[in-house]
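Here the structure is laid out as structure tokens; the discussion comes afterwards.
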Amino acid sequence: MVSRLSGLDLARHTQQPDPLAAEAAAARPAREADPATLEALEQRLAQLRQQPPSPLARSIEQHFRQHQRFNESLSQDWMHESPFVDSRRQQLKAIAGAEHIAAQYGSTLAKDQTRDSVKSWRALRGGHQTDSFYTRANDEGGMHLLCSNLYRRQGGRGRDSVSFVSSEAMGRRVASYAQAKPDEVHYRTLAPGIVAVIFDDMMAGNRADHQVDMLGARPSPNMVTSSSLRPPRPIVPDSGIDNAPLLTHLRGNAAEPSPSARLRDMPKDHGHAAMAETAAQLLDQLVSVLDKRNELHDRRNPVLNEGLKGLTALAEQLPTQHQDTLQFTNTFQLLCEELQVCLAAIRPYSSDDFHTHASKALHPELLPPNVKPPVMHLTSSGMAALTSALDVAVEAEHSDGVELARTADGDKSPVYFELSIGFEEQSPSLFGTLNISQPGDATRHKPGWGVNEVINAIDQRLKDDGITSEKPLVVTLDATIEHQGDLPALLRHCHDDIGSGRLKLLICKSYQKFSNLCAAKVMAGGVGLITAPDEIGQKMEAMLSRAEEELNWMRNPESQLLTHMLSCREQEFALLERAVSNANFVREHFFTGENGHQPCRSHDPHLPFLTFNNENDASKHSFTLNLSSASGHRQRGDAQPLYRDTLQHLSPGLIGERGSFGFGHMTYGFLGSDEDHEEVRLSFGQETQNELTELFYLPSRLMTPEGSEWNCDEALKEVNRLVDGALNSSPLPARSPADLAAKLNHIARQENPGLSATEHRQATPEQLHLQRGRDNAPQTINKVASVVLHLTDRIQGLLSLQHTPCQGPDRQKIDTLLGGLIRSGMPGVSQGTRQRILRLQSELHFSDMLHSEPASQPEHARAWLDDLDRMPSLGSSLALAPLIPDSLFTRLSPQDQERLCKHLLAPLSDSQRITMLEQSLALNNQLAMTTQLLATMEQQLGQPRVNPQVISSREPPIGLQVRMLQQTLNMRLNPTSWSDSATENELSEESDLSDGRPHHAQDSDSDGSY
């Protein structure tokens, strides 16, 4: 539980006079004080009072405050039925002129498929009506419904066969690909960037749906959202607002470092270092943009003010989330949403700015002198970039098709599976891929395909004497996954052929992957032509420019965020390399195929992927749990084998399922299946190596044939095997405790000694915390945590612990594992794993409390409350509150009753507290607990509370509501002594109090922190 006493308050509290010391001093004989000495002492005390807090105290205060605020924000989010972004939209909507910006908030957040039980109380929830599993194929209801409603409002019929696209030109491409007759297709512009394509032939309309997906032809989600609103109002400058102080804070100075400077303090070998540097660059770039504009309108812009406050709050919180990739990524993504608010408020970027930043990827400095700097043209998606480039190549060459790139050894380039085109032999147009997103075996393509293979394939075709400047070789290259140095190597090698006109390159890019900097899913792509200044090149460039102009994708609000991200594109490579490093770490340490570990199906050392299948899964794997059958209660899966195939050991419930990749966190996606097997792809993100060990050590053991049967006995054996192996290298000191907790703590400190004594004294609290996420070899403590984490996941997935006694034969083994790991202090274990393990133990203790004999209930209650003390005050106990009857509550000691009530109230806003109390009153068996809750709440009414909201909005005074609840409770407890006159008198008295007393429902923070 997070204490509400701040670091500075704690420091000052410890300096208060000791009452006992004062009493002892008074008992000593008084001595006459020397006036000069007394005056000198008073002066020294006055000087001490005027001194600012020490740097250490400030560091503790800052770190503590920001982490506490994130926890408070999580509580507010999960207490509501709607996610955090909904309340944020309401806050933005209250600003005149921000209605469209508010409605679009959250639309660029990637939809998170991670199971709610994993995210619960760890991440602020996103969500938007246009969300989809895969952004380009956004037909999952919200987008289509908004477009259909717009179509019907303008006279369309519900029975029409209609597709919605981003421009009429794109609609013509869709109709052509769908083989529709031109005179049977009609186009209607519904709103800027939204065109209805109506097909007379329903079969052609059905074919068009697939083409819309393949071409990335759907409208912008932001434009679709705006279409359902009234026309936007202008943002009116507010003379009472001054954004200059916020920008000054973002710039920082020597005395007060900027948020970006704190982010750059993260050690380079920390798992989140690349994302932290990315966030710092995005912040610095925004400050640079605003400084260059230097407009008074920006200084008084209320929407920009709101975005800057949210941006600053999240930037300051980001370093405190380094122990949990889910939280760090979640905070980073929301930071980019606030960045989008700022950019939407001022719209600083034009098409020229996009071209300037995006075209740097084409490395004009490496091209021959006669080649003009190429331009990267904006398209609606990566697939739109590829198909547009291929169309341009075929038309320019007057060829019938495209040839697939092939090396001298006959190895073929991989092809993205949705690119369903036929490849020809000896075509003047060549297609190749820099790096594939679906690594496979040699039956698909040669593992390790990269820029060297692309160069080899181009060289083979350039040997053809028929390739001249009049009949050049046109190569379309998919560069979506690009390592730093890939394109420079290609351009240097092909320098002379590009200059002579024999070779033309069409470089295509999907910006939905690492170009989105692991933060968002802005649907867009780019295609750039590198060519000598000849007639064919000019024709191709004109076609690309015309297509970009007709589409006008830059008018979409999210293109502002995309352009801002492209201005920091160097970070794309750092993020990719971290993801690749994580894939290699998991492959090299766990899925080795040796020493009792399962191999993966495929892996390329330069790609951030591992693939698995169950093709050779001869037997089903089982898990048996016998936890509650001793009491006669049976639950699903209890004491009976639960069968699953090998792929389920990867625990997709712990990993977000996505059809894409390039996120800050890992994703799990299906590549396909047939009657015999399924294949899945793990796409790695920015996880720490500790987290990777906890996620994959045990699955790599269980996926083997030897791991086909698993239960609590096997889990305990695996932990003992790990511990004994580690103690062989680092034995316990003599006379040390020999329990599991002591062994684990000793092993963890031996394997990862951490900082030296000198470094420890000099480090700030934040630097000490950051040691946990630094790279190292797999640690025994994390392997043990992996066993317990996956056991926890199975148990929580099978049983509803709070409703059933949990005293079966497996309980002692579970207690041994949980207790040993928790009491060790779990040094080096990631925050997410800690919370899952602590939550299981708290649920078991809660079950014990409910279902044990009355005499032992207080003891189990103390154990449960001790668990809650170890966990952040995030309201996880709130759902259990209705299950606690008064008969149990009254058996608790007064101290434990007070602890319980504080836990229940801590994560709630004042209005939520009132709601909970009203619900408690509705339960006849909770009057005693409701009485204590009211008393605790009344004590806290005058205490300031941290406000987690971006915009501080005071709730109405609640003193009257509390008093009314108290009266209702008294009436329930003493119905015969209650009278109407008492009600009137009490209400009148409270009305007087509520008008004159100070209220602290929520403190209003000028910095707008969460």
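Numbering starts fresh at 1 for the residues of each chain in the structure tokens, the chains themselves are lettered A, B, ... in the order given, and ligands are numbered from 1 as they appear.
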
Considering only C-alpha atoms, return as a ChimeraX atom specification whatever protein or nucleic-acid residues lie within 8 Å of Asn516 in chain A, sequence-local ones (same chain, fewer than 6 positions apart) excluded. /A:522,562,565,572,662

Can you list, as an NGL selection string, every residue of range 273-411 of chain A that DSSP puts in helix (DSSP H, G or I)? :A and (273-293 or 296-299 or 302-321 or 325-346 or 351-362 or 364-366 or 382-397)

Give me the residues near range 141-146 of chain A as a ChimeraX atom specification, where near means some atom within 10 Å (using only C-alpha atoms) and where sequence neighbours in that chain fewer than 5 positions away do not count. /A:128-132,151,163-164,218-222,224-228

Quick one: write out the picked residues with N, CA and C atoms as a short mmCIF file (atom, residue, chain, number, x, y, z; two decimals), in the first residue's frame?
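Dumped to part_18.cif:
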data_model
loop_
_atom_site.label_atom_id
_atom_site.label_comp_id
_atom_site.auth_asym_id
_atom_site.auth_seq_id
_atom_site.Cartn_x
_atom_site.Cartn_y
_atom_site.Cartn_z
N HIS A 128 -11.78 3.03 -27.92
CA HIS A 128 -12.41 4.03 -28.79
C HIS A 128 -13.41 3.30 -29.66
N GLN A 129 -14.44 4.01 -30.08
CA GLN A 129 -15.48 3.36 -30.86
C GLN A 129 -14.98 2.87 -32.21
N THR A 130 -13.83 3.36 -32.68
CA THR A 130 -13.29 2.91 -33.96
C THR A 130 -12.20 1.85 -33.79
N ASP A 131 -12.04 1.30 -32.58
CA ASP A 131 -11.00 0.31 -32.35
C ASP A 131 -11.18 -0.90 -33.26
N SER A 132 -10.06 -1.55 -33.57
CA SER A 132 -10.11 -2.79 -34.34
C SER A 132 -8.91 -3.65 -33.98
N TYR A 151 -23.93 7.63 -44.26
CA TYR A 151 -24.46 7.32 -45.60
C TYR A 151 -25.99 7.40 -45.61
N SER A 163 -19.13 0.16 -50.02
CA SER A 163 -17.86 0.17 -49.28
C SER A 163 -17.48 1.61 -49.03
N PHE A 164 -16.78 1.85 -47.94
CA PHE A 164 -16.38 3.20 -47.58
C PHE A 164 -14.86 3.31 -47.67
N ARG A 218 -9.49 2.24 -46.30
CA ARG A 218 -10.51 2.75 -45.39
C ARG A 218 -10.23 4.21 -45.01
N PRO A 219 -11.26 4.95 -44.67
CA PRO A 219 -11.06 6.34 -44.24
C PRO A 219 -10.30 6.40 -42.91
N SER A 220 -9.81 7.57 -42.61
CA SER A 220 -9.16 7.80 -41.33
C SER A 220 -10.16 7.65 -40.19
N PRO A 221 -9.82 6.90 -39.12
CA PRO A 221 -10.74 6.82 -37.97
C PRO A 221 -11.07 8.19 -37.39
N ASN A 222 -10.12 9.09 -37.38
CA ASN A 222 -10.38 10.43 -36.84
C ASN A 222 -11.37 11.20 -37.69
N VAL A 224 -13.65 9.85 -39.61
CA VAL A 224 -14.96 9.21 -39.45
C VAL A 224 -15.60 9.66 -38.14
N THR A 225 -14.80 9.73 -37.07
CA THR A 225 -15.33 10.19 -35.78
C THR A 225 -15.84 11.62 -35.90
N SER A 226 -15.09 12.49 -36.56
CA SER A 226 -15.50 13.89 -36.71
C SER A 226 -16.77 14.03 -37.53
N SER A 227 -16.99 13.10 -38.46
CA SER A 227 -18.15 13.20 -39.34
C SER A 227 -19.47 13.09 -38.58
N SER A 228 -19.42 12.50 -37.39
CA SER A 228 -20.64 12.34 -36.61
C SER A 228 -20.93 13.55 -35.73
#

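Of the listed residues A:Leu326, A:Ala244, A:Asp160, A:Ser852, the one whose atoms come nearest to Ala123 in chain A is A:Leu326, with distances taken using only C-alpha atoms.
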
Please give the complete set of residues from range 368-593 of chain A that DSSP, run on the backbone, assigns to strand (DSSP E), formatted as a PDB file with N, CA, C and O atoms, in the first residue's frame.
ATOM      1  N   MET A 376       9.367  11.267 -50.320  1.00  0.00           N
ATOM      2  CA  MET A 376       8.532  10.182 -49.816  1.00  0.00           C
ATOM      3  C   MET A 376       7.084  10.641 -49.840  1.00  0.00           C
ATOM      4  O   MET A 376       6.726  11.635 -49.202  1.00  0.00           O
ATOM      5  N   HIS A 377       6.256   9.937 -50.589  1.00  0.00           N
ATOM      6  CA  HIS A 377       4.852  10.316 -50.761  1.00  0.00           C
ATOM      7  C   HIS A 377       3.997   9.584 -49.734  1.00  0.00           C
ATOM      8  O   HIS A 377       4.176   8.394 -49.484  1.00  0.00           O
ATOM      9  N   LEU A 378       3.041  10.312 -49.169  1.00  0.00           N
ATOM     10  CA  LEU A 378       2.197   9.781 -48.096  1.00  0.00           C
ATOM     11  C   LEU A 378       1.048   8.972 -48.679  1.00  0.00           C
ATOM     12  O   LEU A 378       0.324   9.441 -49.570  1.00  0.00           O
ATOM     13  N   THR A 379       0.874   7.760 -48.172  1.00  0.00           N
ATOM     14  CA  THR A 379      -0.246   6.905 -48.571  1.00  0.00           C
ATOM     15  C   THR A 379      -1.048   6.530 -47.322  1.00  0.00           C
ATOM     16  O   THR A 379      -0.665   6.841 -46.195  1.00  0.00           O
ATOM     17  N   GLU A 403       8.564  -9.544 -61.301  1.00  0.00           N
ATOM     18  CA  GLU A 403       9.364 -10.720 -60.969  1.00  0.00           C
ATOM     19  C   GLU A 403       9.785 -10.660 -59.510  1.00  0.00           C
ATOM     20  O   GLU A 403      10.080  -9.579 -58.979  1.00  0.00           O
ATOM     21  N   LEU A 404       9.812 -11.814 -58.865  1.00  0.00           N
ATOM     22  CA  LEU A 404      10.232 -11.891 -57.480  1.00  0.00           C
ATOM     23  C   LEU A 404      11.751 -11.952 -57.409  1.00  0.00           C
ATOM     24  O   LEU A 404      12.396 -12.716 -58.122  1.00  0.00           O
ATOM     25  N   SER A 429      10.401  -5.424 -64.002  1.00  0.00           N
ATOM     26  CA  SER A 429      10.056  -4.951 -62.664  1.00  0.00           C
ATOM     27  C   SER A 429      10.332  -6.063 -61.664  1.00  0.00           C
ATOM     28  O   SER A 429       9.955  -7.211 -61.868  1.00  0.00           O
ATOM     29  N   LEU A 430      11.002  -5.692 -60.585  1.00  0.00           N
ATOM     30  CA  LEU A 430      11.434  -6.664 -59.582  1.00  0.00           C
ATOM     31  C   LEU A 430      10.833  -6.274 -58.230  1.00  0.00           C
ATOM     32  O   LEU A 430      10.730  -5.092 -57.902  1.00  0.00           O
ATOM     33  N   PHE A 431      10.439  -7.274 -57.461  1.00  0.00           N
ATOM     34  CA  PHE A 431       9.928  -7.020 -56.111  1.00  0.00           C
ATOM     35  C   PHE A 431      10.793  -7.748 -55.097  1.00  0.00           C
ATOM     36  O   PHE A 431      11.139  -8.919 -55.275  1.00  0.00           O
ATOM     37  N   GLY A 432      11.126  -7.057 -54.015  1.00  0.00           N
ATOM     38  CA  GLY A 432      11.906  -7.673 -52.945  1.00  0.00           C
ATOM     39  C   GLY A 432      11.532  -7.097 -51.596  1.00  0.00           C
ATOM     40  O   GLY A 432      10.924  -6.027 -51.486  1.00  0.00           O
ATOM     41  N   THR A 433      11.922  -7.802 -50.544  1.00  0.00           N
ATOM     42  CA  THR A 433      11.649  -7.386 -49.176  1.00  0.00           C
ATOM     43  C   THR A 433      12.957  -7.291 -48.424  1.00  0.00           C
ATOM     44  O   THR A 433      13.785  -8.200 -48.520  1.00  0.00           O
ATOM     45  N   LEU A 473      15.737  -1.332 -64.978  1.00  0.00           N
ATOM     46  CA  LEU A 473      15.200  -2.266 -63.985  1.00  0.00           C
ATOM     47  C   LEU A 473      14.542  -1.435 -62.878  1.00  0.00           C
ATOM     48  O   LEU A 473      15.184  -0.566 -62.280  1.00  0.00           O
ATOM     49  N   VAL A 474      13.266  -1.693 -62.625  1.00  0.00           N
ATOM     50  CA  VAL A 474      12.529  -0.991 -61.574  1.00  0.00           C
ATOM     51  C   VAL A 474      12.324  -1.970 -60.417  1.00  0.00           C
ATOM     52  O   VAL A 474      11.689  -3.015 -60.586  1.00  0.00           O
ATOM     53  N   VAL A 475      12.870  -1.632 -59.274  1.00  0.00           N
ATOM     54  CA  VAL A 475      12.791  -2.508 -58.102  1.00  0.00           C
ATOM     55  C   VAL A 475      11.871  -1.869 -57.057  1.00  0.00           C
ATOM     56  O   VAL A 475      12.105  -0.739 -56.618  1.00  0.00           O
ATOM     57  N   THR A 476      10.817  -2.601 -56.704  1.00  0.00           N
ATOM     58  CA  THR A 476       9.947  -2.191 -55.600  1.00  0.00           C
ATOM     59  C   THR A 476      10.406  -2.931 -54.358  1.00  0.00           C
ATOM     60  O   THR A 476      10.456  -4.163 -54.341  1.00  0.00           O
ATOM     61  N   LEU A 477      10.741  -2.172 -53.310  1.00  0.00           N
ATOM     62  CA  LEU A 477      11.339  -2.765 -52.117  1.00  0.00           C
ATOM     63  C   LEU A 477      10.489  -2.442 -50.891  1.00  0.00           C
ATOM     64  O   LEU A 477      10.207  -1.279 -50.606  1.00  0.00           O
ATOM     65  N   ASP A 478      10.082  -3.487 -50.185  1.00  0.00           N
ATOM     66  CA  ASP A 478       9.342  -3.321 -48.935  1.00  0.00           C
ATOM     67  C   ASP A 478      10.355  -3.122 -47.812  1.00  0.00           C
ATOM     68  O   ASP A 478      11.052  -4.059 -47.410  1.00  0.00           O
ATOM     69  N   LEU A 503      18.863   1.667 -63.114  1.00  0.00           N
ATOM     70  CA  LEU A 503      18.154   1.139 -61.943  1.00  0.00           C
ATOM     71  C   LEU A 503      17.310   2.244 -61.309  1.00  0.00           C
ATOM     72  O   LEU A 503      17.776   3.350 -61.086  1.00  0.00           O
ATOM     73  N   LYS A 504      16.057   1.897 -61.022  1.00  0.00           N
ATOM     74  CA  LYS A 504      15.158   2.799 -60.297  1.00  0.00           C
ATOM     75  C   LYS A 504      14.602   2.029 -59.097  1.00  0.00           C
ATOM     76  O   LYS A 504      14.233   0.865 -59.222  1.00  0.00           O
ATOM     77  N   LEU A 505      14.564   2.710 -57.961  1.00  0.00           N
ATOM     78  CA  LEU A 505      14.113   2.081 -56.720  1.00  0.00           C
ATOM     79  C   LEU A 505      12.839   2.744 -56.220  1.00  0.00           C
ATOM     80  O   LEU A 505      12.769   3.978 -56.117  1.00  0.00           O
ATOM     81  N   LEU A 506      11.846   1.926 -55.930  1.00  0.00           N
ATOM     82  CA  LEU A 506      10.630   2.386 -55.268  1.00  0.00           C
ATOM     83  C   LEU A 506      10.662   1.837 -53.843  1.00  0.00           C
ATOM     84  O   LEU A 506      10.488   0.634 -53.617  1.00  0.00           O
ATOM     85  N   ILE A 507      10.945   2.709 -52.883  1.00  0.00           N
ATOM     86  CA  ILE A 507      11.079   2.302 -51.486  1.00  0.00           C
ATOM     87  C   ILE A 507       9.735   2.484 -50.795  1.00  0.00           C
ATOM     88  O   ILE A 507       9.192   3.599 -50.743  1.00  0.00           O
ATOM     89  N   CYS A 508       9.195   1.391 -50.236  1.00  0.00           N
ATOM     90  CA  CYS A 508       7.871   1.411 -49.603  1.00  0.00           C
ATOM     91  C   CYS A 508       7.995   1.160 -48.106  1.00  0.00           C
ATOM     92  O   CYS A 508       8.830   0.376 -47.663  1.00  0.00           O
ATOM     93  N   LYS A 509       7.119   1.816 -47.372  1.00  0.00           N
ATOM     94  CA  LYS A 509       7.217   1.750 -45.923  1.00  0.00           C
ATOM     95  C   LYS A 509       5.819   1.741 -45.311  1.00  0.00           C
ATOM     96  O   LYS A 509       4.948   2.513 -45.716  1.00  0.00           O
ATOM     97  N   SER A 510       5.600   0.853 -44.340  1.00  0.00           N
ATOM     98  CA  SER A 510       4.401   0.938 -43.510  1.00  0.00           C
ATOM     99  C   SER A 510       4.776   1.687 -42.245  1.00  0.00           C
ATOM    100  O   SER A 510       5.690   1.287 -41.520  1.00  0.00           O
ATOM    101  N   GLY A 525       1.295   5.043 -44.749  1.00  0.00           N
ATOM    102  CA  GLY A 525       2.446   4.426 -45.408  1.00  0.00           C
ATOM    103  C   GLY A 525       3.132   5.460 -46.266  1.00  0.00           C
ATOM    104  O   GLY A 525       2.658   6.597 -46.414  1.00  0.00           O
ATOM    105  N   GLY A 526       4.250   5.073 -46.812  1.00  0.00           N
ATOM    106  CA  GLY A 526       4.989   5.989 -47.666  1.00  0.00           C
ATOM    107  C   GLY A 526       5.658   5.244 -48.808  1.00  0.00           C
ATOM    108  O   GLY A 526       6.043   4.077 -48.663  1.00  0.00           O
ATOM    109  N   VAL A 527       5.791   5.918 -49.954  1.00  0.00           N
ATOM    110  CA  VAL A 527       6.509   5.351 -51.095  1.00  0.00           C
ATOM    111  C   VAL A 527       7.353   6.459 -51.722  1.00  0.00           C
ATOM    112  O   VAL A 527       6.858   7.562 -51.976  1.00  0.00           O
ATOM    113  N   GLY A 528       8.626   6.173 -51.910  1.00  0.00           N
ATOM    114  CA  GLY A 528       9.549   7.147 -52.480  1.00  0.00           C
ATOM    115  C   GLY A 528      10.279   6.572 -53.677  1.00  0.00           C
ATOM    116  O   GLY A 528      10.693   5.410 -53.666  1.00  0.00           O
ATOM    117  N   LEU A 529      10.459   7.381 -54.701  1.00  0.00           N
ATOM    118  CA  LEU A 529      11.118   6.956 -55.946  1.00  0.00           C
ATOM    119  C   LEU A 529      12.524   7.535 -56.005  1.00  0.00           C
ATOM    120  O   LEU A 529      12.716   8.752 -55.889  1.00  0.00           O
ATOM    121  N   ILE A 530      13.509   6.675 -56.182  1.00  0.00           N
ATOM    122  CA  ILE A 530      14.896   7.085 -56.382  1.00  0.00           C
ATOM    123  C   ILE A 530      15.227   6.820 -57.848  1.00  0.00           C
ATOM    124  O   ILE A 530      15.286   5.666 -58.288  1.00  0.00           O
TER     125      ILE A 530
END

Skipping near chain neighbours, those fewer than 6 positions away, what residues fall within 9 Å of Ala217 in chain A using only C-alpha atoms, listed as a VMD selection string? chain A and resid 136 164 to 167 170 to 171 174 211 380 to 381 384

Shell of 9 Å around Ala358 in chain A, only C-alpha atoms, local chain residues under 2 positions omitted, as JSON, numbers by chain: {"A": [353, 354, 355, 356, 360, 361, 362, 375, 376, 377, 378, 526, 563, 566, 567, 569]}

Deliver the residues from the most recent selection as a file, using all heavy atoms, as a compact mmCIF listing (two decimals), in the first residue's frame.
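To be explicit, this is the file written out as part-v4.txt:
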# COMPACT_ATOMS: atom_id res chain seq x y z
N ASP A 353 6.33 19.59 -44.54
CA ASP A 353 7.03 19.11 -43.35
C ASP A 353 7.10 17.58 -43.34
O ASP A 353 8.12 17.00 -42.98
CB ASP A 353 6.32 19.59 -42.08
CG ASP A 353 6.37 21.10 -41.93
OD1 ASP A 353 7.47 21.67 -42.05
OD2 ASP A 353 5.31 21.71 -41.71
N PHE A 354 5.99 16.95 -43.74
CA PHE A 354 6.03 15.49 -43.84
C PHE A 354 7.11 15.06 -44.82
O PHE A 354 7.91 14.16 -44.53
CB PHE A 354 4.68 14.93 -44.28
CG PHE A 354 4.74 13.47 -44.65
CD1 PHE A 354 4.70 12.49 -43.67
CD2 PHE A 354 4.89 13.08 -45.98
CE1 PHE A 354 4.80 11.15 -44.01
CE2 PHE A 354 4.98 11.75 -46.33
CZ PHE A 354 4.93 10.78 -45.35
N HIS A 355 7.14 15.67 -45.99
CA HIS A 355 8.14 15.30 -47.00
C HIS A 355 9.56 15.51 -46.47
O HIS A 355 10.44 14.69 -46.71
CB HIS A 355 7.92 16.11 -48.27
CG HIS A 355 6.65 15.78 -48.98
ND1 HIS A 355 5.96 16.70 -49.75
CD2 HIS A 355 5.91 14.65 -49.03
CE1 HIS A 355 4.88 16.15 -50.24
NE2 HIS A 355 4.83 14.89 -49.83
N THR A 356 9.75 16.61 -45.76
CA THR A 356 11.09 16.90 -45.23
C THR A 356 11.56 15.81 -44.29
O THR A 356 12.69 15.29 -44.40
CB THR A 356 11.09 18.25 -44.50
OG1 THR A 356 10.78 19.28 -45.43
CG2 THR A 356 12.45 18.52 -43.86
N LYS A 360 14.05 11.89 -45.41
CA LYS A 360 15.39 11.62 -44.89
C LYS A 360 15.69 10.12 -44.91
O LYS A 360 16.86 9.72 -44.98
CB LYS A 360 15.52 12.16 -43.46
CG LYS A 360 15.50 13.67 -43.38
CD LYS A 360 15.55 14.14 -41.92
CE LYS A 360 15.47 15.65 -41.82
NZ LYS A 360 15.46 16.12 -40.41
N ALA A 361 14.65 9.30 -44.85
CA ALA A 361 14.83 7.85 -44.89
C ALA A 361 15.38 7.38 -46.23
O ALA A 361 15.88 6.24 -46.33
CB ALA A 361 13.51 7.15 -44.60
N LEU A 362 15.31 8.23 -47.26
CA LEU A 362 15.79 7.85 -48.60
C LEU A 362 17.25 8.26 -48.82
O LEU A 362 17.79 8.03 -49.90
CB LEU A 362 14.90 8.49 -49.67
CG LEU A 362 13.41 8.09 -49.58
CD1 LEU A 362 12.59 8.85 -50.62
CD2 LEU A 362 13.24 6.59 -49.75
N VAL A 375 11.46 12.24 -52.95
CA VAL A 375 10.37 12.63 -52.07
C VAL A 375 9.61 11.38 -51.64
O VAL A 375 9.26 10.54 -52.47
CB VAL A 375 9.40 13.60 -52.78
CG1 VAL A 375 8.19 13.91 -51.90
CG2 VAL A 375 10.13 14.89 -53.15
N MET A 376 9.37 11.27 -50.32
CA MET A 376 8.53 10.18 -49.82
C MET A 376 7.08 10.64 -49.84
O MET A 376 6.73 11.64 -49.20
CB MET A 376 8.95 9.81 -48.39
CG MET A 376 8.22 8.60 -47.82
SD MET A 376 8.66 7.03 -48.60
CE MET A 376 10.13 6.58 -47.66
N HIS A 377 6.26 9.94 -50.59
CA HIS A 377 4.85 10.32 -50.76
C HIS A 377 4.00 9.58 -49.73
O HIS A 377 4.18 8.39 -49.48
CB HIS A 377 4.38 9.99 -52.17
CG HIS A 377 5.12 10.74 -53.24
ND1 HIS A 377 4.81 12.04 -53.59
CD2 HIS A 377 6.19 10.38 -54.01
CE1 HIS A 377 5.64 12.44 -54.54
NE2 HIS A 377 6.49 11.46 -54.81
N LEU A 378 3.04 10.31 -49.17
CA LEU A 378 2.20 9.78 -48.10
C LEU A 378 1.05 8.97 -48.68
O LEU A 378 0.32 9.44 -49.57
CB LEU A 378 1.66 10.93 -47.25
CG LEU A 378 0.79 10.57 -46.05
CD1 LEU A 378 1.54 9.69 -45.06
CD2 LEU A 378 0.29 11.85 -45.36
N GLY A 526 4.25 5.07 -46.81
CA GLY A 526 4.99 5.99 -47.67
C GLY A 526 5.66 5.24 -48.81
O GLY A 526 6.04 4.08 -48.66
N THR A 563 3.83 12.90 -38.47
CA THR A 563 4.94 13.75 -38.90
C THR A 563 5.87 14.03 -37.73
O THR A 563 7.10 14.04 -37.88
CB THR A 563 4.41 15.06 -39.49
OG1 THR A 563 3.49 14.76 -40.55
CG2 THR A 563 5.54 15.92 -40.04
N LEU A 566 7.99 11.02 -37.19
CA LEU A 566 9.01 10.86 -38.23
C LEU A 566 10.16 11.84 -38.04
O LEU A 566 11.27 11.59 -38.51
CB LEU A 566 8.37 11.05 -39.61
CG LEU A 566 7.43 9.93 -40.06
CD1 LEU A 566 6.77 10.28 -41.38
CD2 LEU A 566 8.17 8.61 -40.18
N SER A 567 9.90 12.94 -37.34
CA SER A 567 11.00 13.86 -37.05
C SER A 567 11.99 13.25 -36.06
O SER A 567 13.11 13.73 -35.90
CB SER A 567 10.47 15.18 -36.49
OG SER A 567 9.94 15.01 -35.19
N ARG A 569 12.77 9.84 -36.27
CA ARG A 569 12.79 8.49 -36.83
C ARG A 569 14.03 7.69 -36.48
O ARG A 569 14.03 6.46 -36.59
CB ARG A 569 12.62 8.54 -38.35
CG ARG A 569 13.86 8.92 -39.14
CD ARG A 569 13.63 8.71 -40.63
NE ARG A 569 13.40 7.34 -40.97
CZ ARG A 569 14.36 6.47 -41.32
NH1 ARG A 569 15.63 6.84 -41.32
NH2 ARG A 569 14.06 5.24 -41.62

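Counting only C-alpha atoms and comparing A:His845, A:Ala180, A:Val586, A:Ser824, the residue that lies closest to Gln807 in chain A is A:His845.
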
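Candidate residues A:Phe889, A:Phe612, A:Phe332, A:Tyr349 were compared for distance to His677 in chain A, and the nearest is A:Phe612, using only C-alpha atoms.
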
Within 9 Å of Leu367 in chain A using only C-alpha atoms, minus same-chain residues under 6 positions, as an MDAnalysis selection string: chainID A and resid 373 491:492 495 498:499 530

Those residues you just picked out, can you put them in a file as a compact mmCIF listing (two decimals), in the first residue's frame with N, CA and C atoms?
# COMPACT_ATOMS: atom_id res chain seq x y z
N PRO A 373 17.05 15.07 -54.91
CA PRO A 373 16.60 14.47 -53.64
C PRO A 373 15.19 13.89 -53.79
N LEU A 491 22.18 1.62 -51.28
CA LEU A 491 22.39 2.79 -52.13
C LEU A 491 23.87 2.94 -52.51
N ARG A 492 24.75 2.66 -51.60
CA ARG A 492 26.19 2.74 -51.92
C ARG A 492 26.55 1.71 -52.98
N HIS A 495 25.07 2.74 -56.46
CA HIS A 495 25.27 4.15 -56.74
C HIS A 495 25.38 4.43 -58.24
N ILE A 498 22.17 3.63 -60.37
CA ILE A 498 21.11 4.64 -60.18
C ILE A 498 21.44 5.89 -60.98
N GLY A 499 22.69 6.33 -60.92
CA GLY A 499 23.09 7.54 -61.64
C GLY A 499 22.97 7.40 -63.14
N ILE A 530 13.51 6.68 -56.18
CA ILE A 530 14.90 7.09 -56.38
C ILE A 530 15.23 6.82 -57.85
